[in-house]
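Heads up, the thing below is written out as structure tokens.
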Amino acid sequence: MNAPDQPAPFTVAVVDDDSTATTLLSRILSRAGYTVVVYTSGEELLQQLALSHADVVCLDQSLPGIDGLETLRQLRSIKPALPVILFSASADAIRDEALAAGAVACVDKTKGWVEVGAAIEREVDRGIEK
């Protein structure tokens with residue numbers, strides 16, 4: 001009998017109302033060994049985060065209700081040390097504001113998920129070094 005698989009050591013919260021994007025990103029991250037929790041709005045993340053654990057948050061800018069930047073600002077007051085990667089089709093236009101609001105990275109989601117994955121790996125590596 002095989003021993004049960006160990007749970008992934010890092011959990012990534014993905015916040016996006018686009019089910020195609022969350023499905024794709026969840027598959028990519030799961031295959032890379034991460035546990036993935038999906039939220040469809042900033043409000044849902046903020047309400048549920050106290051009940052669940054996340055090591056990194058991947059947050060879309062364009063969300064129903066409060067947008068990604070406002071979610072990021074509110075998240076900073078709740079969990080200031082939690083790394084947040086903001087992703088957007090207009091990353092270049094909001095990058096400075098996102099970084100000033102506390103995002104560790106702001107990446108363009110139209111260029112594929114390679115940048116998002118690289119940003120997650122950087123934060124995981126930082127977490128291991130702590």
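The chains in the structure tokens are called A, B, ... from first to last as shown; in each chain the residues are counted from 1, and the ligands are counted from 1 in the order shown.
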
Residues near Ser30 (chain A), cut-off 12 Å, only C-alpha atoms, skip fewer than 5 positions along chain, as a PDB file with N, CA and C atoms, in the first residue's frame:
ATOM      1  N   PRO A   7       0.350  16.875   1.321  1.00  0.00           N
ATOM      2  CA  PRO A   7      -0.264  18.053   0.710  1.00  0.00           C
ATOM      3  C   PRO A   7       0.818  19.012   0.235  1.00  0.00           C
ATOM      4  N   ALA A   8       0.490  19.777  -0.763  1.00  0.00           N
ATOM      5  CA  ALA A   8       1.432  20.764  -1.300  1.00  0.00           C
ATOM      6  C   ALA A   8       1.787  21.747  -0.187  1.00  0.00           C
ATOM      7  N   PRO A   9       3.060  22.115  -0.076  1.00  0.00           N
ATOM      8  CA  PRO A   9       3.456  22.983   1.020  1.00  0.00           C
ATOM      9  C   PRO A   9       3.002  24.431   0.868  1.00  0.00           C
ATOM     10  N   PHE A  10       2.648  24.845  -0.336  1.00  0.00           N
ATOM     11  CA  PHE A  10       2.245  26.226  -0.548  1.00  0.00           C
ATOM     12  C   PHE A  10       0.874  26.284  -1.179  1.00  0.00           C
ATOM     13  N   THR A  11       0.057  27.202  -0.661  1.00  0.00           N
ATOM     14  CA  THR A  11      -1.291  27.395  -1.170  1.00  0.00           C
ATOM     15  C   THR A  11      -1.362  28.741  -1.880  1.00  0.00           C
ATOM     16  N   VAL A  12      -1.911  28.706  -3.092  1.00  0.00           N
ATOM     17  CA  VAL A  12      -2.078  29.913  -3.890  1.00  0.00           C
ATOM     18  C   VAL A  12      -3.571  30.211  -3.992  1.00  0.00           C
ATOM     19  N   ALA A  13      -3.959  31.403  -3.583  1.00  0.00           N
ATOM     20  CA  ALA A  13      -5.337  31.862  -3.766  1.00  0.00           C
ATOM     21  C   ALA A  13      -5.394  32.585  -5.104  1.00  0.00           C
ATOM     22  N   VAL A  14      -6.292  32.146  -5.972  1.00  0.00           N
ATOM     23  CA  VAL A  14      -6.483  32.764  -7.280  1.00  0.00           C
ATOM     24  C   VAL A  14      -7.825  33.484  -7.251  1.00  0.00           C
ATOM     25  N   THR A  22      -9.413  30.919 -14.334  1.00  0.00           N
ATOM     26  CA  THR A  22      -9.165  30.227 -13.068  1.00  0.00           C
ATOM     27  C   THR A  22      -8.934  28.737 -13.289  1.00  0.00           C
ATOM     28  N   THR A  23      -9.662  28.144 -14.235  1.00  0.00           N
ATOM     29  CA  THR A  23      -9.452  26.723 -14.531  1.00  0.00           C
ATOM     30  C   THR A  23      -8.050  26.488 -15.076  1.00  0.00           C
ATOM     31  N   LEU A  24      -7.644  27.311 -16.016  1.00  0.00           N
ATOM     32  CA  LEU A  24      -6.319  27.170 -16.612  1.00  0.00           C
ATOM     33  C   LEU A  24      -5.225  27.392 -15.573  1.00  0.00           C
ATOM     34  N   LEU A  25      -5.312  28.478 -14.832  1.00  0.00           N
ATOM     35  CA  LEU A  25      -4.287  28.767 -13.838  1.00  0.00           C
ATOM     36  C   LEU A  25      -4.274  27.716 -12.734  1.00  0.00           C
ATOM     37  N   THR A  35      -1.244  23.848  -3.901  1.00  0.00           N
ATOM     38  CA  THR A  35      -2.664  23.751  -3.590  1.00  0.00           C
ATOM     39  C   THR A  35      -3.283  25.068  -4.054  1.00  0.00           C
ATOM     40  N   VAL A  36      -4.419  25.005  -4.724  1.00  0.00           N
ATOM     41  CA  VAL A  36      -5.043  26.199  -5.284  1.00  0.00           C
ATOM     42  C   VAL A  36      -6.443  26.358  -4.706  1.00  0.00           C
ATOM     43  N   VAL A  37      -6.745  27.570  -4.274  1.00  0.00           N
ATOM     44  CA  VAL A  37      -8.084  27.925  -3.810  1.00  0.00           C
ATOM     45  C   VAL A  37      -8.555  29.067  -4.697  1.00  0.00           C
ATOM     46  N   VAL A  38      -9.746  28.925  -5.281  1.00  0.00           N
ATOM     47  CA  VAL A  38     -10.260  29.922  -6.225  1.00  0.00           C
ATOM     48  C   VAL A  38     -11.361  30.752  -5.570  1.00  0.00           C
ATOM     49  N   GLY A 117       3.372  32.558 -13.138  1.00  0.00           N
ATOM     50  CA  GLY A 117       4.064  31.420 -12.530  1.00  0.00           C
ATOM     51  C   GLY A 117       5.427  31.805 -11.989  1.00  0.00           C
TER      52      GLY A 117
END

task = May I have the residues within 10 Å of Trp113 (chain A) as a PyMOL selection string, using only C-alpha atoms and disregarding those fewer than 6 positions away in the same chain?
result = chain A and resi 21+24-25+28-29+87+107+119

Given the selection you just returned, output its residues as a file containing C-alpha atoms, formatted as a compact mmCIF listing (two decimals), in the first residue's frame.
# COMPACT_ATOMS: atom_id res chain seq x y z
CA ALA A 21 -8.71 31.79 -16.51
CA LEU A 24 -6.32 27.17 -16.61
CA LEU A 25 -4.29 28.77 -13.84
CA ILE A 28 -0.97 24.93 -14.19
CA LEU A 29 -0.39 25.59 -10.49
CA PHE A 87 -2.54 40.44 -12.93
CA VAL A 107 1.94 41.05 -14.56
CA ALA A 119 6.18 35.64 -9.82

task = Find, counting only C-alpha atoms, the residue in A:Ala118, A:Val56, A:Val15, A:Leu45 that gets nearest to Leu82 (chain A).
result = A:Val56

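Of the listed residues A:Ile85, A:Val124, A:Cys106, A:Ile78, the one whose atoms come nearest to Asp55 (chain A) is A:Val124, with distances taken using only C-alpha atoms.
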
d(CA of Asp16 (chain A), CA of Asp67 (chain A)) in Å =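 Taking CA of Asp16 (chain A) and CA of Asp67 (chain A), their separation equals 10.2 Å.
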
Tell me, as an mmCIF file with N, CA and C atoms, in the first residue's frame, which residues lie within 12 Å of Ala91 (chain A), counting only C-alpha atoms; anything in the same chain fewer than 4 positions away does not count.
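As written to disk, part_30.cif reads:
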data_model
loop_
_atom_site.group_PDB
_atom_site.id
_atom_site.type_symbol
_atom_site.label_atom_id
_atom_site.label_comp_id
_atom_site.auth_asym_id
_atom_site.auth_seq_id
_atom_site.Cartn_x
_atom_site.Cartn_y
_atom_site.Cartn_z
ATOM 1 N N LEU A 59 -4.239 37.937 -7.976
ATOM 2 C CA LEU A 59 -5.444 38.756 -7.959
ATOM 3 C C LEU A 59 -5.632 39.470 -9.285
ATOM 4 N N ASP A 60 -6.768 39.234 -9.924
ATOM 5 C CA ASP A 60 -7.087 39.932 -11.165
ATOM 6 C C ASP A 60 -7.509 41.361 -10.835
ATOM 7 N N GLN A 61 -7.162 42.292 -11.692
ATOM 8 C CA GLN A 61 -7.555 43.684 -11.493
ATOM 9 C C GLN A 61 -9.040 43.889 -11.770
ATOM 10 N N SER A 62 -9.537 43.262 -12.814
ATOM 11 C CA SER A 62 -10.922 43.476 -13.244
ATOM 12 C C SER A 62 -11.827 42.434 -12.588
ATOM 13 N N GLY A 68 -9.430 44.792 -8.240
ATOM 14 C CA GLY A 68 -8.233 44.200 -7.677
ATOM 15 C C GLY A 68 -7.416 45.155 -6.829
ATOM 16 N N LEU A 69 -7.277 46.403 -7.273
ATOM 17 C CA LEU A 69 -6.501 47.369 -6.491
ATOM 18 C C LEU A 69 -7.141 47.652 -5.133
ATOM 19 N N ILE A 85 0.139 39.113 -6.012
ATOM 20 C CA ILE A 85 0.526 39.338 -7.402
ATOM 21 C C ILE A 85 -0.725 39.793 -8.126
ATOM 22 N N LEU A 86 -0.713 41.007 -8.623
ATOM 23 C CA LEU A 86 -1.855 41.527 -9.368
ATOM 24 C C LEU A 86 -1.637 41.211 -10.838
ATOM 25 N N PHE A 87 -2.657 40.679 -11.502
ATOM 26 C CA PHE A 87 -2.537 40.440 -12.932
ATOM 27 C C PHE A 87 -3.676 41.117 -13.664
ATOM 28 N N ARG A 95 0.719 49.227 -13.230
ATOM 29 C CA ARG A 95 1.851 48.643 -12.487
ATOM 30 C C ARG A 95 2.320 49.537 -11.339
ATOM 31 N N ASP A 96 2.578 50.801 -11.594
ATOM 32 C CA ASP A 96 3.087 51.691 -10.548
ATOM 33 C C ASP A 96 2.109 51.782 -9.381
ATOM 34 N N GLU A 97 0.836 51.920 -9.699
ATOM 35 C CA GLU A 97 -0.182 52.019 -8.646
ATOM 36 C C GLU A 97 -0.277 50.708 -7.862
ATOM 37 N N ALA A 98 -0.206 49.578 -8.557
ATOM 38 C CA ALA A 98 -0.283 48.267 -7.895
ATOM 39 C C ALA A 98 0.896 48.067 -6.947
ATOM 40 N N LEU A 99 2.089 48.394 -7.403
ATOM 41 C CA LEU A 99 3.277 48.231 -6.559
ATOM 42 C C LEU A 99 3.238 49.191 -5.366
ATOM 43 N N ALA A 103 1.461 45.409 -3.955
ATOM 44 C CA ALA A 103 1.641 44.185 -4.733
ATOM 45 C C ALA A 103 3.134 43.885 -4.860
ATOM 46 N N ALA A 105 4.198 42.085 -7.367
ATOM 47 C CA ALA A 105 4.380 42.083 -8.820
ATOM 48 C C ALA A 105 3.054 42.449 -9.467
ATOM 49 N N CYS A 106 3.152 42.980 -10.675
ATOM 50 C CA CYS A 106 1.978 43.270 -11.486
ATOM 51 C C CYS A 106 2.301 42.760 -12.880
ATOM 52 N N VAL A 107 1.593 41.725 -13.307
ATOM 53 C CA VAL A 107 1.940 41.052 -14.558
ATOM 54 C C VAL A 107 0.791 41.084 -15.556
ATOM 55 N N ASP A 108 1.167 40.983 -16.812
ATOM 56 C CA ASP A 108 0.220 41.035 -17.920
ATOM 57 C C ASP A 108 -0.327 39.631 -18.185
ATOM 58 N N LYS A 109 -1.614 39.447 -17.960
ATOM 59 C CA LYS A 109 -2.187 38.122 -18.146
ATOM 60 C C LYS A 109 -2.451 37.790 -19.617
ATOM 61 N N THR A 110 -2.348 38.765 -20.499
ATOM 62 C CA THR A 110 -2.559 38.467 -21.922
ATOM 63 C C THR A 110 -1.331 37.838 -22.564
ATOM 64 N N LYS A 111 -0.211 37.858 -21.862
ATOM 65 C CA LYS A 111 1.022 37.280 -22.408
ATOM 66 C C LYS A 111 1.213 35.833 -21.962
ATOM 67 N N GLU A 115 4.563 34.590 -16.754
ATOM 68 C CA GLU A 115 4.943 35.654 -15.822
ATOM 69 C C GLU A 115 4.311 35.444 -14.448
ATOM 70 N N VAL A 116 3.051 35.026 -14.437
ATOM 71 C CA VAL A 116 2.373 34.774 -13.164
ATOM 72 C C VAL A 116 3.078 33.642 -12.429
#

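CA of Glu70 (chain A) lies 15.6 Å from CA of Leu49 (chain A).
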
query = Between A:Ser26, A:Arg76, A:Tyr34, A:Arg122, which one has atoms that come closest to Ala100 (chain A), using only C-alpha atoms?
reply = A:Arg76

inquiry  = Please extract the residues of chain A with a backbone DSSP assignment of alpha helix (DSSP H) and present them as a PyMOL selection string.
reply    = chain A and resi 19-31+42-48+68-78+91-100+114-129

message = When you count only C-alpha atoms, which of these residues is closest to Ala101 (chain A): A:Gln47, A:Cys58, A:Thr20, A:Val84?
response = A:Val84

request  = Pull the strand (DSSP E) assignments for chain A out of DSSP run on the backbone, and list those residues as JSON, numbers by chain.
outcome  = {"A": [11, 12, 13, 14, 15, 35, 36, 37, 38, 39, 56, 57, 58, 59, 60, 84, 85, 86, 87, 88, 105, 106, 107, 108]}

query = What is the distance, in Å and to one decimal place, between CA of Gln48 (chain A) and CA of Asp17 (chain A)?
reply = 15.7 Å
